[in-house]
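Next comes work_9.pdb, a file with PDB, C-alpha atoms, pLDDT in the B column.
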```pdb
ATOM      1  CA  VAL O   1       1.349 -18.173  -6.457  1.00 81.00           C
ATOM      2  CA  LEU O   2       0.590 -19.330  -9.986  1.00 78.00           C
ATOM      3  CA  LYS O   3       3.600 -19.983 -12.223  1.00 80.00           C
ATOM      4  CA  GLY O   4       3.618 -19.593 -15.994  1.00 79.00           C
ATOM      5  CA  PRO O   5       1.122 -17.808 -18.247  1.00 77.00           C
ATOM      6  CA  GLN O   6      -2.124 -16.965 -16.425  1.00 75.00           C
ATOM      7  CA  GLY O   7      -3.735 -14.717 -19.051  1.00 73.00           C
ATOM      8  CA  ALA O   8      -6.919 -16.789 -19.236  1.00 73.00           C
ATOM      9  CA  LEU O   9      -7.632 -16.213 -15.535  1.00 72.00           C
ATOM     10  CA  TYR O  10      -5.965 -12.869 -14.727  1.00 73.00           C
ATOM     11  CA  GLY O  11      -5.649 -10.933 -17.998  1.00 73.00           C
ATOM     12  CA  ARG O  12      -2.991 -10.300 -20.604  1.00 72.00           C
ATOM     13  CA  ASN O  13      -0.410  -8.867 -18.174  1.00 73.00           C
ATOM     14  CA  ALA O  14      -0.061 -12.160 -16.285  1.00 75.00           C
ATOM     15  CA  THR O  15       2.248 -13.793 -18.846  1.00 76.00           C
ATOM     16  CA  GLY O  16       4.919 -14.770 -16.302  1.00 79.00           C
ATOM     17  CA  GLY O  17       2.519 -15.872 -13.577  1.00 81.00           C
ATOM     18  CA  ALA O  18       0.319 -14.292 -10.950  1.00 79.00           C
ATOM     19  CA  ILE O  19       0.281 -13.760  -7.210  1.00 80.00           C
ATOM     20  CA  ASN O  20      -3.270 -13.750  -5.888  1.00 77.00           C
ATOM     21  CA  ILE O  21      -3.469 -11.834  -2.613  1.00 78.00           C
ATOM     22  CA  ILE O  22      -6.670 -12.555  -0.711  1.00 82.00           C
ATOM     23  CA  THR O  23      -7.253  -9.988   2.025  1.00 82.00           C
ATOM     24  CA  LYS O  24      -8.847 -10.845   5.341  1.00 88.00           C
ATOM     25  CA  GLN O  25     -12.634 -10.973   5.065  1.00 91.00           C
ATOM     26  CA  PRO O  26     -15.112  -9.243   7.378  1.00 95.00           C
ATOM     27  CA  THR O  27     -16.379 -11.372  10.234  1.00 93.00           C
ATOM     28  CA  ASP O  28     -19.833 -11.888  11.700  1.00 93.00           C
ATOM     29  CA  HIS O  29     -18.563 -11.194  15.220  1.00 95.00           C
ATOM     30  CA  LEU O  30     -16.887  -8.008  16.424  1.00 96.00           C
ATOM     31  CA  SER O  31     -13.105  -8.392  16.411  1.00 96.00           C
ATOM     32  CA  GLY O  32     -10.062  -6.267  15.918  1.00 97.00           C
ATOM     33  CA  PHE O  33      -6.504  -5.507  16.874  1.00 97.00           C
ATOM     34  CA  LEU O  34      -4.171  -2.589  17.461  1.00 98.00           C
ATOM     35  CA  GLU O  35      -0.379  -2.834  17.304  1.00 97.00           C
ATOM     36  CA  ALA O  36       2.280  -0.189  17.818  1.00 98.00           C
ATOM     37  CA  GLY O  37       6.013  -0.345  17.427  1.00 97.00           C
ATOM     38  CA  THR O  38       9.197   1.651  17.183  1.00 96.00           C
ATOM     39  CA  GLY O  39      12.503   1.155  15.467  1.00 93.00           C
ATOM     40  CA  SER O  40      15.731   2.730  14.346  1.00 89.00           C
ATOM     41  CA  GLY O  41      15.598   6.038  12.509  1.00 87.00           C
ATOM     42  CA  SER O  42      12.951   7.248  14.989  1.00 92.00           C
ATOM     43  CA  LEU O  43      10.468   4.825  13.402  1.00 92.00           C
ATOM     44  CA  LYS O  44       6.930   4.897  14.780  1.00 96.00           C
ATOM     45  CA  ASP O  45       4.349   2.446  13.424  1.00 96.00           C
ATOM     46  CA  VAL O  46       0.696   1.932  14.399  1.00 98.00           C
ATOM     47  CA  VAL O  47      -1.501  -0.692  12.678  1.00 97.00           C
ATOM     48  CA  GLY O  48      -5.076  -1.627  13.461  1.00 97.00           C
ATOM     49  CA  ALA O  49      -8.265  -3.205  12.159  1.00 97.00           C
ATOM     50  CA  LEU O  50     -11.870  -3.619  13.228  1.00 97.00           C
ATOM     51  CA  SER O  51     -14.350  -6.105  11.782  1.00 97.00           C
ATOM     52  CA  GLY O  52     -17.935  -7.005  12.522  1.00 97.00           C
ATOM     53  CA  ALA O  53     -21.508  -7.113  11.292  1.00 97.00           C
ATOM     54  CA  PHE O  54     -24.090  -4.382  10.877  1.00 96.00           C
ATOM     55  CA  VAL O  55     -26.612  -7.171  10.162  1.00 96.00           C
ATOM     56  CA  PRO O  56     -25.266 -10.624  11.127  1.00 95.00           C
ATOM     57  CA  GLY O  57     -24.923 -12.923   8.129  1.00 94.00           C
ATOM     58  CA  LYS O  58     -26.064 -10.195   5.703  1.00 96.00           C
ATOM     59  CA  LEU O  59     -24.051  -6.953   6.015  1.00 97.00           C
ATOM     60  CA  LEU O  60     -20.449  -7.205   7.248  1.00 98.00           C
ATOM     61  CA  PHE O  61     -17.662  -4.636   7.488  1.00 98.00           C
ATOM     62  CA  ARG O  62     -13.901  -4.403   7.971  1.00 97.00           C
ATOM     63  CA  VAL O  63     -11.837  -1.236   8.452  1.00 98.00           C
ATOM     64  CA  SER O  64      -8.055  -1.218   8.737  1.00 97.00           C
ATOM     65  CA  GLY O  65      -5.285   1.317   8.694  1.00 97.00           C
ATOM     66  CA  GLU O  66      -1.640   2.054   9.316  1.00 96.00           C
ATOM     67  CA  PHE O  67       0.420   5.095  10.212  1.00 97.00           C
ATOM     68  CA  LYS O  68       4.188   4.900   9.797  1.00 95.00           C
ATOM     69  CA  ASP O  69       6.720   7.689  10.359  1.00 95.00           C
ATOM     70  CA  SER O  70      10.526   7.648  10.246  1.00 93.00           C
ATOM     71  CA  ASP O  71      13.208  10.329  10.262  1.00 91.00           C
ATOM     72  CA  GLY O  72      15.423   8.029   8.178  1.00 88.00           C
ATOM     73  CA  GLN O  73      18.786   6.346   8.579  1.00 85.00           C
ATOM     74  CA  ILE O  74      20.851   7.398   5.560  1.00 82.00           C
ATOM     75  CA  THR O  75      22.560  10.783   5.792  1.00 82.00           C
ATOM     76  CA  ASN O  76      23.337  13.085   2.879  1.00 79.00           C
ATOM     77  CA  TYR O  77      26.653  14.470   4.127  1.00 77.00           C
ATOM     78  CA  TYR O  78      26.610  17.447   1.771  1.00 78.00           C
ATOM     79  CA  LEU O  79      23.342  18.717   3.278  1.00 81.00           C
ATOM     80  CA  ASN O  80      23.792  16.977   6.646  1.00 85.00           C
ATOM     81  CA  LYS O  81      20.194  15.684   6.458  1.00 85.00           C
ATOM     82  CA  LYS O  82      18.557  12.266   6.348  1.00 87.00           C
ATOM     83  CA  VAL O  83      17.453  11.330   2.833  1.00 84.00           C
ATOM     84  CA  ASP O  84      15.194   8.333   3.515  1.00 85.00           C
ATOM     85  CA  PHE O  85      12.614  10.015   5.763  1.00 89.00           C
ATOM     86  CA  TYR O  86       9.120   8.622   5.342  1.00 90.00           C
ATOM     87  CA  THR O  87       5.532   9.177   6.481  1.00 93.00           C
ATOM     88  CA  GLY O  88       2.741   6.858   5.352  1.00 93.00           C
ATOM     89  CA  ARG O  89      -0.986   6.838   6.036  1.00 95.00           C
ATOM     90  CA  ASP O  90      -3.166   4.003   4.744  1.00 96.00           C
ATOM     91  CA  VAL O  91      -6.880   3.425   5.369  1.00 97.00           C
ATOM     92  CA  ARG O  92      -8.942   0.613   3.860  1.00 96.00           C
ATOM     93  CA  GLY O  93     -12.584  -0.285   4.238  1.00 97.00           C
ATOM     94  CA  LYS O  94     -14.691  -3.183   3.041  1.00 97.00           C
ATOM     95  CA  LEU O  95     -18.446  -3.659   3.089  1.00 97.00           C
ATOM     96  CA  LEU O  96     -19.768  -7.129   2.228  1.00 97.00           C
ATOM     97  CA  TRP O  97     -23.493  -7.434   1.498  1.00 97.00           C
ATOM     98  CA  LEU O  98     -24.980 -10.950   1.189  1.00 97.00           C
ATOM     99  CA  PRO O  99     -28.648 -10.357   0.226  1.00 96.00           C
ATOM    100  CA  THR O 100     -29.157 -14.014  -0.867  1.00 96.00           C
ATOM    101  CA  ASP O 101     -27.137 -17.235  -0.973  1.00 93.00           C
ATOM    102  CA  ASN O 102     -26.585 -16.666  -4.725  1.00 96.00           C
ATOM    103  CA  LEU O 103     -25.759 -12.946  -4.751  1.00 97.00           C
ATOM    104  CA  THR O 104     -22.944 -10.987  -3.068  1.00 97.00           C
ATOM    105  CA  PHE O 105     -21.780  -7.379  -3.278  1.00 97.00           C
ATOM    106  CA  ASP O 106     -18.237  -6.553  -2.136  1.00 96.00           C
ATOM    107  CA  LEU O 107     -17.460  -2.816  -1.862  1.00 97.00           C
ATOM    108  CA  ARG O 108     -13.848  -1.767  -1.132  1.00 96.00           C
ATOM    109  CA  VAL O 109     -12.502   1.720  -0.519  1.00 97.00           C
ATOM    110  CA  SER O 110      -8.895   2.676   0.154  1.00 96.00           C
ATOM    111  CA  HIS O 111      -6.705   5.730   0.585  1.00 97.00           C
ATOM    112  CA  VAL O 112      -2.907   5.627   0.577  1.00 95.00           C
ATOM    113  CA  GLY O 113      -0.752   8.672   1.239  1.00 95.00           C
ATOM    114  CA  ASN O 114       3.052   8.481   1.328  1.00 92.00           C
ATOM    115  CA  ASP O 115       5.473  11.345   1.759  1.00 92.00           C
ATOM    116  CA  GLY O 116       9.208  10.811   1.906  1.00 90.00           C
ATOM    117  CA  GLY O 117      12.693  11.258   0.613  1.00 85.00           C
ATOM    118  CA  SER O 118      13.954  10.069  -2.720  1.00 70.00           C
ATOM    119  CA  THR O 119      17.189   9.614  -4.668  1.00 56.00           C
ATOM    120  CA  TYR O 120      19.036   8.308  -1.603  1.00 50.00           C
ATOM    121  CA  ASP O 121      19.903   5.235  -3.649  1.00 50.00           C
ATOM    122  CA  ILE O 122      21.879   7.283  -6.222  1.00 52.00           C
ATOM    123  CA  PRO O 123      25.351   7.743  -4.766  1.00 50.00           C
ATOM    124  CA  ILE O 124      27.320  10.774  -5.937  1.00 48.00           C
ATOM    125  CA  PRO O 125      30.925  10.013  -5.005  1.00 50.00           C
ATOM    126  CA  THR O 126      33.275  12.850  -4.055  1.00 51.00           C
ATOM    127  CA  THR O 127      36.203  11.175  -5.844  1.00 52.00           C
ATOM    128  CA  PHE O 128      36.743   8.159  -8.012  1.00 53.00           C
ATOM    129  CA  THR O 129      40.283   7.498  -6.810  1.00 55.00           C
ATOM    130  CA  ASP O 130      39.491   4.469  -4.652  1.00 56.00           C
ATOM    131  CA  PRO O 131      36.286   2.556  -5.581  1.00 55.00           C
ATOM    132  CA  THR O 132      36.613   0.429  -2.423  1.00 57.00           C
ATOM    133  CA  ASN O 133      36.326   3.525  -0.199  1.00 55.00           C
ATOM    134  CA  VAL O 134      32.842   3.174   1.310  1.00 53.00           C
ATOM    135  CA  GLN O 135      32.729   6.855   2.224  1.00 54.00           C
ATOM    136  CA  ASP O 136      32.900   7.691  -1.498  1.00 51.00           C
ATOM    137  CA  LEU O 137      29.601   5.830  -1.948  1.00 53.00           C
ATOM    138  CA  GLU O 138      27.653   7.889   0.603  1.00 57.00           C
ATOM    139  CA  PRO O 139      25.076  10.336  -0.856  1.00 57.00           C
ATOM    140  CA  ARG O 140      26.665  13.787  -1.258  1.00 57.00           C
ATOM    141  CA  ALA O 141      24.235  15.755  -3.441  1.00 64.00           C
ATOM    142  CA  ASN O 142      23.039  19.312  -2.913  1.00 73.00           C
ATOM    143  CA  ILE O 143      19.486  18.172  -3.695  1.00 74.00           C
ATOM    144  CA  LEU O 144      17.629  16.418  -0.887  1.00 79.00           C
ATOM    145  CA  GLY O 145      14.962  14.858  -3.092  1.00 80.00           C
ATOM    146  CA  HIS O 146      11.345  14.234  -2.253  1.00 85.00           C
ATOM    147  CA  SER O 147       8.589  11.798  -3.228  1.00 87.00           C
ATOM    148  CA  LYS O 148       4.863  12.043  -2.692  1.00 90.00           C
ATOM    149  CA  LEU O 149       2.116   9.550  -3.521  1.00 91.00           C
ATOM    150  CA  LYS O 150      -1.650   9.725  -3.063  1.00 95.00           C
ATOM    151  CA  SER O 151      -3.930   6.949  -4.199  1.00 95.00           C
ATOM    152  CA  ASP O 152      -7.699   6.694  -3.791  1.00 96.00           C
ATOM    153  CA  GLU O 153      -9.583   3.600  -4.952  1.00 96.00           C
ATOM    154  CA  VAL O 154     -13.159   2.332  -4.971  1.00 96.00           C
ATOM    155  CA  THR O 155     -14.048  -1.142  -6.238  1.00 95.00           C
ATOM    156  CA  LEU O 156     -17.377  -2.961  -6.386  1.00 96.00           C
ATOM    157  CA  LYS O 157     -17.392  -6.688  -7.107  1.00 95.00           C
ATOM    158  CA  THR O 158     -20.682  -8.504  -7.701  1.00 97.00           C
ATOM    159  CA  ASP O 159     -20.924 -12.314  -7.757  1.00 96.00           C
ATOM    160  CA  TRP O 160     -24.096 -14.040  -8.940  1.00 97.00           C
ATOM    161  CA  LYS O 161     -24.251 -17.839  -8.777  1.00 96.00           C
ATOM    162  CA  VAL O 162     -26.276 -19.136 -11.714  1.00 93.00           C
ATOM    163  CA  GLY O 163     -26.559 -22.697 -12.953  1.00 88.00           C
ATOM    164  CA  GLY O 164     -23.182 -24.426 -12.707  1.00 88.00           C
ATOM    165  CA  GLY O 165     -21.087 -21.272 -12.425  1.00 94.00           C
ATOM    166  CA  THR O 166     -20.713 -17.749 -11.142  1.00 94.00           C
ATOM    167  CA  ALA O 167     -21.089 -14.527 -13.097  1.00 94.00           C
ATOM    168  CA  THR O 168     -18.731 -11.854 -11.750  1.00 93.00           C
ATOM    169  CA  TYR O 169     -18.759  -8.131 -12.496  1.00 94.00           C
ATOM    170  CA  ILE O 170     -16.061  -5.785 -11.213  1.00 93.00           C
ATOM    171  CA  LEU O 171     -16.302  -2.005 -11.400  1.00 94.00           C
ATOM    172  CA  GLY O 172     -13.348   0.044 -10.224  1.00 94.00           C
ATOM    173  CA  TRP O 173     -12.150   3.639  -9.980  1.00 95.00           C
ATOM    174  CA  THR O 174      -8.630   4.808  -9.125  1.00 94.00           C
ATOM    175  CA  LYS O 175      -7.141   8.255  -8.718  1.00 96.00           C
ATOM    176  CA  LEU O 176      -3.354   8.201  -8.464  1.00 93.00           C
ATOM    177  CA  ARG O 177      -1.020  11.172  -8.015  1.00 93.00           C
ATOM    178  CA  GLU O 178       2.759  10.745  -7.777  1.00 89.00           C
ATOM    179  CA  ASN O 179       5.476  13.385  -7.620  1.00 87.00           C
ATOM    180  CA  TYR O 180       9.217  12.711  -7.481  1.00 79.00           C
ATOM    181  CA  TYR O 181      12.024  15.214  -7.226  1.00 77.00           C
TER     182      TYR O 181
END
```

Can the structure from this file be put into structure tokens for me?
Amino acid sequence: VLKGPQGALYGRNATGGAINIITKQPTDHLSGFLEAGTGSGSLKDVVGALSGAFVPGKLLFRVSGEFKDSDGQITNYYLNKKVDFYTGRDVRGKLLWLPTDNLTFDLRVSHVGNDGGSTYDIPIPTTFTDPTNVQDLEPRANILGHSKLKSDEVTLKTDWKVGGGTATYILGWTKLRENYY
């Protein structure tokens, strides 16, 4: 976490600071994990990753993903349906090529797909007679609401160590589709 203006390092939109998230790097040895869990609202969650080397020390990979599904916990009493249902599918891949000690290529690909409810956080009270009545703050709209997000990204980062520094080139492509109702 970097506090204060960070425009020189992270661009003009980092005026209030920056949070640099460094994802787990591919490993030379084969490793991975798989976790599953459940929770309230009929939540089901599966997360996993696999990492290893196609060519040890030269061509490494990492693939990870998550599937999450929930029926929701907040009821719209007008429609008698849950409004915060959610399904998410995320897949990420990374290929790290180290042709020399001075040159690296880092290719990242990701797909995110979320489908769920929306507007559950906008209460439509039935009456305004008693603002302390919690039941008046429960969602009671005749519109269920829906949100959908799809994001596909490809990024290639090249680092070339020359002299006393490193020249870095980043090429990226993003396709983002969002719908809210």

Would you write out, as a ChimeraX atom specification, every residue that the PyMOL selection byres ((chain O and resi 39-51) around 12) captures in this file? /O:24-38,52-54,56,59-75,82-96

Expressed in Å to a single decimal, how great is the separation between CA of Asn179 (chain O) and CA of Val154 (chain O)? 21.8 Å

At a cut-off of 7 Å, using all atoms listed in the file, what residues contact Phe105 (chain O)? Leave out same-chain residues fewer than 6 positions from it and give the result as a list in words. Leu96, Trp97, Leu98, Leu156, Lys157, Thr158 and Asp159 of chain O

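Relative to CA of Leu171 (chain O), CA of Asp106 (chain O) is found at 10.5 Å.
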
Assuming the chain letters and numbering stay as they are in my file, what does the PyMOL selection byres ((chain O and resi 153) around 8) actually select? List them as a ChimeraX atom specification. /O:108-111,151-152,154-155,172-175

List as a list in words the protein and nucleic acid residues near Pro99 (chain O), meaning an atom at most 7 Å away when only C-alpha atoms are counted, but skip any in the same chain fewer than 3 places from it. Lys58, Leu103 and Thr104 of chain O

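One finds CA of Asn142 (chain O) at 9.3 Å from CA of Tyr77 (chain O).
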
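Shortest separation to Tyr169 (chain O) among O:Gly57, O:Ala14, O:Thr23, O:Leu107 occurs at residue O:Leu107, atoms counted being only C-alpha atoms.
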
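Nearest residue to Asp115 (chain O) among O:Leu79, O:Asn20, O:Lys148, O:Gly7 is O:Lys148, counting all atoms listed in the file.
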
Enclose region 107-112 of chain O, meaning all of its atoms listed in the file, in a box aligned along x, y and z, pad it by 4 Å on each side, and list the centre and edge lengths in Å to one decimal, as lines of an AutoDock Vina configuration file.
```
center_x = -10.2
center_y = 1.5
center_z = -0.6
size_x = 22.6
size_y = 16.5
size_z = 10.4
```
